Each structure stands twice: as C-alpha cells, then as structure tokens.
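The next block is coords08.pdb, given as PDB, C-alpha atoms.
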ATOM      1  CA  MET A   1     106.751 108.224 130.999
ATOM      2  CA  GLU A   2     108.155 105.198 129.190
ATOM      3  CA  LEU A   3     108.708 104.973 125.439
ATOM      4  CA  ARG A   4     107.209 101.487 125.632
ATOM      5  CA  ALA A   5     103.873 102.902 126.806
ATOM      6  CA  LEU A   6     103.858 105.395 123.933
ATOM      7  CA  HIS A   7     104.670 102.599 121.476
ATOM      8  CA  TYR A   8     101.777 100.513 122.822
ATOM      9  CA  PHE A   9      99.425 103.483 122.599
ATOM     10  CA  VAL A  10     100.396 104.267 118.993
ATOM     11  CA  THR A  11      99.852 100.622 118.041
ATOM     12  CA  VAL A  12      96.382 100.517 119.635
ATOM     13  CA  ALA A  13      95.513 103.843 117.988
ATOM     14  CA  GLU A  14      96.492 102.463 114.571
ATOM     15  CA  GLU A  15      94.603  99.200 115.000
ATOM     16  CA  LEU A  16      91.663 100.544 117.077
ATOM     17  CA  HIS A  17      91.521  97.054 118.541
ATOM     18  CA  PHE A  18      93.355  95.791 121.624
ATOM     19  CA  GLY A  19      93.539  92.201 120.400
ATOM     20  CA  ARG A  20      95.112  93.088 117.060
ATOM     21  CA  ALA A  21      97.481  95.515 118.766
ATOM     22  CA  ALA A  22      98.608  92.759 121.147
ATOM     23  CA  GLN A  23      99.230  90.442 118.178
ATOM     24  CA  ARG A  24     101.390  93.089 116.471
ATOM     25  CA  LEU A  25     103.304  93.709 119.670
ATOM     26  CA  ARG A  26     103.557  89.953 120.341
ATOM     27  CA  ILE A  27     102.421  90.303 123.927
ATOM     28  CA  VAL A  28      99.240  89.359 125.783
ATOM     29  CA  GLN A  29      96.290  91.715 125.581
ATOM     30  CA  PRO A  30      96.081  92.476 129.340
ATOM     31  CA  ALA A  31      99.642  93.861 129.219
ATOM     32  CA  VAL A  32      98.590  96.311 126.493
ATOM     33  CA  SER A  33      95.530  97.386 128.477
ATOM     34  CA  GLN A  34      97.623  97.900 131.618
ATOM     35  CA  GLN A  35     100.131 100.113 129.807
ATOM     36  CA  ILE A  36      97.379 102.245 128.248
ATOM     37  CA  THR A  37      95.592 102.625 131.596
ATOM     38  CA  ARG A  38      98.870 103.590 133.268
ATOM     39  CA  LEU A  39      99.603 106.149 130.531
ATOM     40  CA  GLU A  40      96.122 107.656 130.856
ATOM     41  CA  ARG A  41      96.531 107.880 134.622
ATOM     42  CA  GLU A  42      99.947 109.511 134.248
ATOM     43  CA  LEU A  43      98.673 112.074 131.732
ATOM     44  CA  GLY A  44      95.399 112.666 133.546
ATOM     45  CA  VAL A  45      93.281 112.289 130.396
ATOM     46  CA  ARG A  46      91.292 109.564 128.712
ATOM     47  CA  LEU A  47      92.987 108.611 125.440
ATOM     48  CA  LEU A  48      90.605 105.931 124.167
ATOM     49  CA  ASP A  49      86.871 105.311 124.363
ATOM     50  CA  ARG A  50      86.351 101.589 124.764
ATOM     51  CA  THR A  51      83.120  99.658 124.296
ATOM     52  CA  SER A  52      82.448  95.970 123.764
ATOM     53  CA  ARG A  53      82.121  96.686 120.031
ATOM     54  CA  LYS A  54      84.818  99.217 119.173
ATOM     55  CA  VAL A  55      87.717 101.386 120.280
ATOM     56  CA  ARG A  56      88.117 104.989 119.193
ATOM     57  CA  LEU A  57      90.399 107.900 119.993
ATOM     58  CA  THR A  58      89.170 110.726 122.176
ATOM     59  CA  PRO A  59      90.040 114.317 121.165
ATOM     60  CA  ALA A  60      92.868 114.195 123.728
ATOM     61  CA  GLY A  61      93.955 110.862 122.255
ATOM     62  CA  GLU A  62      94.207 112.427 118.782
ATOM     63  CA  ARG A  63      96.510 115.138 120.140
ATOM     64  CA  VAL A  64      98.628 112.704 122.146
ATOM     65  CA  LEU A  65      98.944 110.359 119.143
ATOM     66  CA  ALA A  66     100.664 113.048 117.072
ATOM     67  CA  ALA A  67     103.007 113.922 119.942
ATOM     68  CA  ALA A  68     103.728 110.240 120.675
ATOM     69  CA  ARG A  69     104.768 109.620 117.064
ATOM     70  CA  GLU A  70     107.073 112.635 117.180
ATOM     71  CA  THR A  71     108.604 111.399 120.429
ATOM     72  CA  LEU A  72     109.235 107.905 119.079
ATOM     73  CA  ALA A  73     110.770 109.380 115.915
ATOM     74  CA  ALA A  74     113.033 111.589 118.035
ATOM     75  CA  ALA A  75     114.152 108.575 120.056
ATOM     76  CA  ALA A  76     115.005 106.752 116.823
ATOM     77  CA  ARG A  77     117.062 109.753 115.652
ATOM     78  CA  VAL A  78     119.011 109.727 118.923
ATOM     79  CA  ARG A  79     119.975 106.108 118.314
ATOM     80  CA  VAL A  80     121.073 106.927 114.765
ATOM     81  CA  VAL A  81     123.260 109.899 115.690
ATOM     82  CA  ALA A  82     124.837 107.896 118.502
ATOM     83  CA  GLY A  83     127.050 106.547 115.728
ATOM     84  CA  GLU A  84     126.340 102.821 115.737
ATOM     85  CA  PRO A  85     128.834 101.418 113.166
ATOM     86  CA  ALA A  86     127.590  99.533 110.097
ATOM     87  CA  ALA A  87     124.316  98.439 111.654
ATOM     88  CA  ALA A  88     122.402  95.589 110.069
ATOM     89  CA  LEU A  89     119.703  96.829 107.690
ATOM     90  CA  ARG A  90     116.769  94.418 107.529
ATOM     91  CA  ILE A  91     115.057  94.639 104.137
ATOM     92  CA  GLY A  92     111.795  92.890 103.295
ATOM     93  CA  VAL A  93     111.771  91.608  99.717
ATOM     94  CA  ALA A  94     110.199  89.038  97.429
ATOM     95  CA  SER A  95     112.107  85.835  96.719
ATOM     96  CA  CYS A  96     113.721  87.248  93.586
ATOM     97  CA  LEU A  97     117.223  88.725  93.317
ATOM     98  CA  THR A  98     117.078  91.419  90.612
ATOM     99  CA  GLN A  99     119.847  93.585  89.174
ATOM    100  CA  ARG A 100     118.263  96.602  90.890
ATOM    101  CA  LEU A 101     118.435  94.868  94.262
ATOM    102  CA  GLU A 102     122.048  93.813  93.772
ATOM    103  CA  ARG A 103     123.018  97.359  92.735
ATOM    104  CA  ALA A 104     121.183  98.880  95.704
ATOM    105  CA  LEU A 105     122.848  96.519  98.187
ATOM    106  CA  ALA A 106     126.263  97.599  96.895
ATOM    107  CA  ARG A 107     125.269 101.270  97.228
ATOM    108  CA  LEU A 108     124.109 100.751 100.816
ATOM    109  CA  ARG A 109     127.350  98.988 101.774
ATOM    110  CA  ASP A 110     129.451 101.776 100.226
ATOM    111  CA  SER A 111     127.409 104.733 101.485
ATOM    112  CA  GLU A 112     128.597 107.463 103.848
ATOM    113  CA  ARG A 113     127.065 105.495 106.739
ATOM    114  CA  PRO A 114     127.669 101.898 105.628
ATOM    115  CA  ALA A 115     124.956  99.342 106.324
ATOM    116  CA  GLU A 116     125.082  95.578 106.198
ATOM    117  CA  PRO A 117     121.857  94.562 104.402
ATOM    118  CA  ILE A 118     119.977  91.446 105.492
ATOM    119  CA  LEU A 119     117.335  90.262 103.012
ATOM    120  CA  ILE A 120     114.162  88.767 104.482
ATOM    121  CA  ASP A 121     111.681  87.074 102.150
ATOM    122  CA  LEU A 122     108.097  87.803 103.222
ATOM    123  CA  PRO A 123     104.703  88.186 101.502
ATOM    124  CA  VAL A 124     103.791  91.828 100.947
ATOM    125  CA  THR A 125     101.235  92.137 103.754
ATOM    126  CA  ALA A 126     103.607  90.514 106.253
ATOM    127  CA  ARG A 127     106.388  92.776 104.935
ATOM    128  CA  LEU A 128     104.409  95.912 105.738
ATOM    129  CA  ASP A 129     103.374  94.591 109.151
ATOM    130  CA  ALA A 130     107.006  93.797 109.970
ATOM    131  CA  VAL A 131     108.115  97.348 109.109
ATOM    132  CA  ARG A 132     105.325  98.800 111.240
ATOM    133  CA  ASP A 133     106.245  96.499 114.137
ATOM    134  CA  GLY A 134     109.956  97.320 113.946
ATOM    135  CA  GLU A 135     111.010  93.854 112.776
ATOM    136  CA  LEU A 136     112.177  95.243 109.405
ATOM    137  CA  ASP A 137     113.918  98.526 108.681
ATOM    138  CA  LEU A 138     112.405  98.874 105.228
ATOM    139  CA  ALA A 139     110.451  96.947 102.634
ATOM    140  CA  LEU A 140     110.253  97.026  98.851
ATOM    141  CA  VAL A 141     106.794  96.932  97.306
ATOM    142  CA  ARG A 142     105.517  97.268  93.736
ATOM    143  CA  GLY A 143     102.283  99.161  93.199
ATOM    144  CA  ALA A 144     100.449 101.755  95.250
ATOM    145  CA  VAL A 145     100.702 101.419  99.030
ATOM    146  CA  THR A 146      98.200 103.082 101.359
ATOM    147  CA  ALA A 147      99.587 102.843 104.872
ATOM    148  CA  PRO A 148      99.046 105.929 107.079
ATOM    149  CA  ALA A 149     101.256 104.463 109.821
ATOM    150  CA  LEU A 150     104.248 104.081 107.468
ATOM    151  CA  THR A 151     106.454 106.268 105.294
ATOM    152  CA  VAL A 152     106.036 105.327 101.617
ATOM    153  CA  VAL A 153     108.307 106.847  98.958
ATOM    154  CA  ARG A 154     108.276 106.075  95.230
ATOM    155  CA  ALA A 155     111.813 105.026  94.251
ATOM    156  CA  TRP A 156     111.629 103.631  90.723
ATOM    157  CA  SER A 157     109.458 102.664  87.781
ATOM    158  CA  GLU A 158     109.814  99.529  85.683
ATOM    159  CA  PRO A 159     107.977  98.058  82.684
ATOM    160  CA  LEU A 160     105.505  95.227  82.842
ATOM    161  CA  HIS A 161     105.853  92.419  80.290
ATOM    162  CA  ALA A 162     103.311  89.980  78.967
ATOM    163  CA  VAL A 163     104.168  86.384  79.859
ATOM    164  CA  LEU A 164     102.669  84.171  77.181
ATOM    165  CA  SER A 165     102.271  80.547  76.358
ATOM    166  CA  SER A 166     104.932  79.626  73.789
ATOM    167  CA  SER A 167     102.085  78.545  71.503
ATOM    168  CA  HIS A 168     100.228  81.840  71.891
ATOM    169  CA  PRO A 169      99.421  83.583  68.543
ATOM    170  CA  ALA A 170     101.411  86.655  69.689
ATOM    171  CA  ALA A 171     104.425  84.681  70.910
ATOM    172  CA  ASP A 172     106.572  85.574  67.880
ATOM    173  CA  LYS A 173     105.855  89.324  68.026
ATOM    174  CA  PRO A 174     108.544  91.744  69.282
ATOM    175  CA  THR A 175     105.877  93.606  71.283
ATOM    176  CA  VAL A 176     102.211  93.154  72.131
ATOM    177  CA  SER A 177      99.355  95.366  73.272
ATOM    178  CA  LEU A 178      96.514  94.477  75.581
ATOM    179  CA  HIS A 179      94.275  94.434  72.492
ATOM    180  CA  ASP A 180      96.332  91.505  71.110
ATOM    181  CA  LEU A 181      95.469  89.366  74.120
ATOM    182  CA  ASP A 182      92.205  87.535  74.764
ATOM    183  CA  PRO A 183      90.891  88.540  78.213
ATOM    184  CA  HIS A 184      89.698  84.945  78.720
ATOM    185  CA  GLY A 185      93.321  83.788  78.589
ATOM    186  CA  LEU A 186      94.446  86.071  81.406
ATOM    187  CA  ARG A 187      95.623  84.430  84.636
ATOM    188  CA  LEU A 188      96.512  86.406  87.732
ATOM    189  CA  PRO A 189      97.803  85.251  91.099
ATOM    190  CA  ALA A 190      95.480  85.582  94.082
ATOM    191  CA  ARG A 191      95.384  89.090  95.494
ATOM    192  CA  ASP A 192      96.496  87.943  98.954
ATOM    193  CA  GLY A 193     100.008  87.250  97.671
ATOM    194  CA  ASP A 194     100.709  90.851  96.602
ATOM    195  CA  PRO A 195      97.742  93.229  96.981
ATOM    196  CA  PRO A 196      99.457  96.429  95.707
ATOM    197  CA  LEU A 197     100.769  94.775  92.514
ATOM    198  CA  HIS A 198      97.486  92.944  91.953
ATOM    199  CA  ASP A 199      95.462  96.162  92.297
ATOM    200  CA  ALA A 200      97.844  98.098  90.028
ATOM    201  CA  ILE A 201      97.495  95.482  87.283
ATOM    202  CA  LEU A 202      93.692  95.420  87.584
ATOM    203  CA  ALA A 203      93.661  99.206  87.193
ATOM    204  CA  MET A 204      95.395  98.861  83.799
ATOM    205  CA  LEU A 205      92.831  96.417  82.433
ATOM    206  CA  ALA A 206      89.671  97.500  80.641
ATOM    207  CA  SER A 207      87.582  95.057  82.668
ATOM    208  CA  PRO A 208      88.154  92.538  85.488
ATOM    209  CA  PRO A 209      89.546  89.147  84.429
ATOM    210  CA  PRO A 210      86.698  86.764  83.597
ATOM    211  CA  ARG A 211      88.503  83.878  85.306
ATOM    212  CA  PRO A 212      89.158  83.615  89.048
ATOM    213  CA  PRO A 213      92.740  83.945  90.382
ATOM    214  CA  ALA A 214      94.973  80.928  89.784
ATOM    215  CA  GLY A 215      96.638  80.732  93.204
ATOM    216  CA  ASP A 216     100.322  81.636  93.505
ATOM    217  CA  LEU A 217     102.655  82.743  90.697
ATOM    218  CA  LEU A 218     103.947  79.218  90.099
ATOM    219  CA  ASN A 219     100.426  77.975  89.406
ATOM    220  CA  VAL A 220      99.758  80.981  87.183
ATOM    221  CA  LEU A 221     102.817  80.228  85.028
ATOM    222  CA  TYR A 222     101.838  76.559  84.853
ATOM    223  CA  GLU A 223      98.326  77.429  83.646
ATOM    224  CA  VAL A 224      99.646  79.991  81.151
ATOM    225  CA  GLY A 225     102.054  77.416  79.727
ATOM    226  CA  ARG A 226      99.370  74.806  79.091
ATOM    227  CA  ASP A 227      96.846  77.180  77.467
ATOM    228  CA  PRO A 228      97.578  78.401  73.888
ATOM    229  CA  ALA A 229      95.653  81.605  74.689
ATOM    230  CA  GLY A 230      97.131  81.942  78.171
ATOM    231  CA  TRP A 231      98.960  85.035  79.404
ATOM    232  CA  THR A 232      99.729  87.090  82.495
ATOM    233  CA  LEU A 233     101.640  90.272  83.405
ATOM    234  CA  MET A 234     104.868  90.449  85.394
ATOM    235  CA  PRO A 235     107.391  93.181  86.271
ATOM    236  CA  ALA A 236     110.245  93.042  83.773
ATOM    237  CA  GLU A 237     112.888  93.041  86.488
ATOM    238  CA  GLN A 238     111.600  89.690  87.717
ATOM    239  CA  LEU A 239     112.226  88.284  84.233
ATOM    240  CA  THR A 240     115.947  87.871  83.702
ATOM    241  CA  GLY A 241     115.593  86.360  80.236
ATOM    242  CA  PRO A 242     113.320  84.308  78.003
ATOM    243  CA  ARG A 243     111.798  81.455  79.976
ATOM    244  CA  ALA A 244     112.579  78.051  78.632
ATOM    245  CA  GLY A 245     109.812  75.628  77.754
ATOM    246  CA  ARG A 246     106.177  76.569  77.821
ATOM    247  CA  VAL A 247     106.253  80.333  78.496
ATOM    248  CA  LEU A 248     108.109  83.430  77.253
ATOM    249  CA  HIS A 249     107.804  87.158  77.875
ATOM    250  CA  VAL A 250     107.217  90.070  75.490
ATOM    251  CA  PRO A 251     107.264  93.865  76.122
ATOM    252  CA  PHE A 252     104.053  95.855  75.818
ATOM    253  CA  ASN A 253     103.574  98.587  73.221
ATOM    254  CA  PRO A 254     102.417 101.088  74.358
ATOM    255  CA  PRO A 255     104.462 100.387  77.481
ATOM    256  CA  LEU A 256     102.855  99.501  80.788
ATOM    257  CA  THR A 257     104.810 100.414  83.898
ATOM    258  CA  ILE A 258     104.647  99.748  87.630
ATOM    259  CA  ASP A 259     106.075 101.941  90.387
ATOM    260  CA  GLY A 260     108.379 100.591  93.080
ATOM    261  CA  GLN A 261     108.067 101.896  96.627
ATOM    262  CA  VAL A 262     110.445 102.031  99.564
ATOM    263  CA  VAL A 263     108.460 101.615 102.792
ATOM    264  CA  ALA A 264     109.888 102.557 106.182
ATOM    265  CA  SER A 265     108.657 103.217 109.700
ATOM    266  CA  ARG A 266     107.315 106.660 110.543
ATOM    267  CA  ALA A 267     110.054 106.722 113.194
ATOM    268  CA  THR A 268     112.831 106.389 110.601
ATOM    269  CA  PRO A 269     114.711 109.694 110.178
ATOM    270  CA  GLU A 270     114.095 111.466 106.866
ATOM    271  CA  THR A 271     117.804 111.363 106.014
ATOM    272  CA  CYS A 272     117.784 107.578 106.296
ATOM    273  CA  VAL A 273     114.651 107.248 104.155
ATOM    274  CA  ALA A 274     116.259 109.494 101.542
ATOM    275  CA  SER A 275     119.401 107.320 101.432
ATOM    276  CA  TYR A 276     117.347 104.127 101.096
ATOM    277  CA  THR A 277     115.313 105.671  98.276
ATOM    278  CA  ALA A 278     118.447 106.847  96.464
ATOM    279  CA  ALA A 279     119.940 103.354  96.676
ATOM    280  CA  PHE A 280     116.972 101.810  94.845
ATOM    281  CA  ALA A 281     116.296 104.675  92.464
ATOM    282  CA  ASP A 282     116.706 104.398  88.691
TER     283      ASP A 282
END

Please, can you express the file's structure as structure tokens?
Amino acid sequence: MELRALHYFVTVAEELHFGRAAQRLRIVQPAVSQQITRLERELGVRLLDRTSRKVRLTPAGERVLAAARETLAAAARVRVVAGEPAAALRIGVASCLTQRLERALARLRDSERPAEPILIDLPVTARLDAVRDGELDLALVRGAVTAPALTVVRAWSEPLHAVLSSSHPAADKPTVSLHDLDPHGLRLPARDGDPPLHDAILAMLASPPPRPPAGDLLNVLYEVGRDPAGWTLMPAEQLTGPRAGRVLHVPFNPPLTIDGQVVASRATPETCVASYTAAFAD
C-alpha cells in the first residue's frame, strides 16, 4: 500500500468530488480515480459511493479515512525525527510585516530545532488550501477558521482600531466606540479577500453594513479618506503608526479584539504545532 494512494483517498474524502480533488493534487482526474480503485481493490472494500451527481463515503470508507490520516501523520513524524537540519519552514502570510511576525521569525530561527522561515504572501483561502495540499507548513489567519481537515490553534489576540477619514467628527478623539460611528460611513473589503476576518468583524456589528463591500483594502482606504463620515476596522498590528494624509486610526473603547490562528496540516506532529503556536503567542 502506497502513501500516495492514501493521500489521494484522504483528499477525495475531504472534497467529496474527484475533479476538485484532482485540482488540489495538481494531477489529472483519471489518475486520482485509478489510485482510489487500486486502493479499494487492495483493501477488498468499497470506500466511496460514486454517482453522476455526488460522491460519499461508505461506512468502510469512514473507518479507513481515520486510519489513513493517522498513517500519514505517522509518516510525517518519521521524517521529523529523522533529524533533517534547519529545514525550510514555509509560512503563509498577508503582505504585511508586523512586529509579531518579526519576533516569531527570530524565535523560530533560535528554537531547539532551528527552522529557516520562508514567507509566502497568499490570500487567506489560498493560504488554507496550500497548507492542506502540503505546499505550506503553516499559515497565519485572523478570525475564526472552520477547517476539519486542518489543525487550527489560537495563538494570540490583538485589538481592532477604527480607521477614519481625517475629517471625520471623531478624528480628534483618543478613543471611539461603535456608537460614535455612522453605520452608513462603514466600508469593508470584499469577503473573498479574507473571509475569517470579514466574518469576525460582521459579528461585532449591530447590523450588516448598509453599503456593499468596496473591493480590496486599498480601495476601502481610498473611499474612507474621501468621505468625511467614512470609517473601517483594521487589526492594530497592521497599523504601524498614524497614516499620513486622508486617514488615521483610533482605538476602540470598549476594546474590540480579533484572535490570531496558527493553521497547520493534520499530519504535522503536535510538538511542531505547539512550537509554532508558542513562536506567535503574545
């Protein structure tokens, strides 16, 4: 039995779709089907029920899925304990170098098992897909992450700040509350750019924003700057200081906070996940 066949099976079981599984694995769909058929023949059981409309796990497939994940995790642990020196650590991040990230990179380089971090800038959804597909070793995400196929651990919490137009009535206040801000002035980036952060911010608001999303963050800041009532919310660690020109940022009172998550593969040993989490912790 090949580890590759187990990896293909786990991917199909997570996607419940051969086409999407093939895209994740970056191979053609017939190759996935062949590996699954071969695995079923080798085990002597049917793992998946396939119809023209859907794919679902059989009871035997459910049992084999759990065992396959354990086997892949064990194989990953073998590679770790083999003692590979200072392996590259591929980290999915946003295009923003924060003090927390710089501190964590130093901790990872100086840890008991030194790693050489490589930062890879990807949108959040692509970040999570890359961890699941083995193209990244871990990813950093703000907000709640629901991903049964991944290990998600809360590592830190940071405040959110209001980013205001410099001509906003609350611009000269040391702090603001959501009640100080007109809901009609709120601009948020499109959800596709960062679904967990977007959903976490919506959960803090009394009602959905009356205006549609303003595209990416750059467009949001542009619209906030040209509207005297304009404002948005951003994690404080992405704001290294007052922004020159049309926008500035102000803390909330009472504070609003967002959690930061470390996301790793289910195959990553728990000791490694713990060290990654400690590196990014407060």

- [ ] Can you work out which one of A:Val163, A:Leu138, A:Leu239, A:Leu181 has the shortest atom-to-atom distance to Thr277 (chain A), counting all atoms listed in the file?
- [x]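 Comparing A:Val163, A:Leu138, A:Leu239, A:Leu181 against Thr277 (chain A), the winner is A:Leu138.
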
- [ ] Step by step, work through what the PyMOL selection byres ((chain A and resi 69-73) around 7) selects in the shown file, and finish by giving those residues as a ChimeraX atom specification.
- [x] /A:65-68,74-77,266-269

- [ ] Quick one: apply the PyMOL selection byres ((chain A and resi 234) around 8) to the file and drop the selected residues here as a list in words.
- [x]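 For this structure, the PyMOL selection byres ((chain A and resi 234) around 8) captures Leu160, His161, Ala162, Val163, Thr232, Leu233, Pro235, Ala236, Gln238 and Leu239 of chain A.
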
Residue selection dump (C-alpha atoms) as a PDB file, in the coordinates of the input:
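Output saved as result.pdb:
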ATOM      1  CA  LEU A 160     105.505  95.227  82.842  1.00  0.00           C
ATOM      2  CA  HIS A 161     105.853  92.419  80.290  1.00  0.00           C
ATOM      3  CA  ALA A 162     103.311  89.980  78.967  1.00  0.00           C
ATOM      4  CA  VAL A 163     104.168  86.384  79.859  1.00  0.00           C
ATOM      5  CA  THR A 232      99.729  87.090  82.495  1.00  0.00           C
ATOM      6  CA  LEU A 233     101.640  90.272  83.405  1.00  0.00           C
ATOM      7  CA  PRO A 235     107.391  93.181  86.271  1.00  0.00           C
ATOM      8  CA  ALA A 236     110.245  93.042  83.773  1.00  0.00           C
ATOM      9  CA  GLN A 238     111.600  89.690  87.717  1.00  0.00           C
ATOM     10  CA  LEU A 239     112.226  88.284  84.233  1.00  0.00           C
TER      11      LEU A 239
END

TODO: Identify, on the basis of all atoms listed in the file, every residue whose closest approach to region 49-64 of chain A does not exceed 10 Å; exclude the query and any residue fewer than 3 positions from it along the same chain; express the result as a ChimeraX atom specification.
DONE: /A:6,9-10,12-18,40,43,45-46,67-70

- [ ] Determine the residue membership of the PyMOL selection byres ((chain A and resi 146) around 12) for the file above and supply it as a ChimeraX atom specification.
- [x] /A:125,128,141,143-145,147-153,195-196,199,261,263

Please rebuild region 105-120 of chain A with N, CA and C atoms and give the result as an mmCIF file, in the frame of the given file.
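result.cif, freshly written:
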data_model
loop_
_atom_site.group_PDB
_atom_site.id
_atom_site.type_symbol
_atom_site.label_atom_id
_atom_site.label_comp_id
_atom_site.auth_asym_id
_atom_site.auth_seq_id
_atom_site.Cartn_x
_atom_site.Cartn_y
_atom_site.Cartn_z
ATOM 1 N N LEU A 105 122.115 97.067 97.045
ATOM 2 C CA LEU A 105 122.848 96.519 98.187
ATOM 3 C C LEU A 105 124.292 97.018 98.184
ATOM 4 N N ALA A 106 124.886 97.083 96.997
ATOM 5 C CA ALA A 106 126.263 97.599 96.895
ATOM 6 C C ALA A 106 126.307 99.076 97.294
ATOM 7 N N ARG A 107 125.311 99.853 96.866
ATOM 8 C CA ARG A 107 125.269 101.270 97.228
ATOM 9 C C ARG A 107 125.139 101.447 98.741
ATOM 10 N N LEU A 108 124.317 100.633 99.368
ATOM 11 C CA LEU A 108 124.109 100.751 100.816
ATOM 12 C C LEU A 108 125.382 100.390 101.582
ATOM 13 N N ARG A 109 126.106 99.385 101.101
ATOM 14 C CA ARG A 109 127.350 98.988 101.774
ATOM 15 C C ARG A 109 128.426 100.068 101.638
ATOM 16 N N ASP A 110 128.403 100.796 100.506
ATOM 17 C CA ASP A 110 129.451 101.776 100.226
ATOM 18 C C ASP A 110 129.036 103.205 100.545
ATOM 19 N N SER A 111 127.909 103.385 101.223
ATOM 20 C CA SER A 111 127.409 104.733 101.485
ATOM 21 C C SER A 111 128.211 105.414 102.588
ATOM 22 N N GLU A 112 127.882 106.685 102.832
ATOM 23 C CA GLU A 112 128.597 107.463 103.848
ATOM 24 C C GLU A 112 128.456 106.832 105.224
ATOM 25 N N ARG A 113 127.272 106.267 105.507
ATOM 26 C CA ARG A 113 127.065 105.495 106.739
ATOM 27 C C ARG A 113 126.791 104.060 106.314
ATOM 28 N N PRO A 114 127.834 103.249 106.178
ATOM 29 C CA PRO A 114 127.669 101.898 105.628
ATOM 30 C C PRO A 114 126.677 101.059 106.438
ATOM 31 N N ALA A 115 125.905 100.273 105.712
ATOM 32 C CA ALA A 115 124.956 99.342 106.324
ATOM 33 C C ALA A 115 125.250 97.950 105.812
ATOM 34 N N GLU A 116 124.932 96.973 106.610
ATOM 35 C CA GLU A 116 125.082 95.578 106.198
ATOM 36 C C GLU A 116 123.684 95.010 105.956
ATOM 37 N N PRO A 117 123.230 94.977 104.685
ATOM 38 C CA PRO A 117 121.857 94.562 104.402
ATOM 39 C C PRO A 117 121.625 93.082 104.723
ATOM 40 N N ILE A 118 120.452 92.810 105.251
ATOM 41 C CA ILE A 118 119.977 91.446 105.492
ATOM 42 C C ILE A 118 118.642 91.316 104.772
ATOM 43 N N LEU A 119 118.553 90.429 103.797
ATOM 44 C CA LEU A 119 117.335 90.262 103.012
ATOM 45 C C LEU A 119 116.422 89.247 103.686
ATOM 46 N N ILE A 120 115.150 89.627 103.832
ATOM 47 C CA ILE A 120 114.162 88.767 104.482
ATOM 48 C C ILE A 120 112.985 88.609 103.530
#
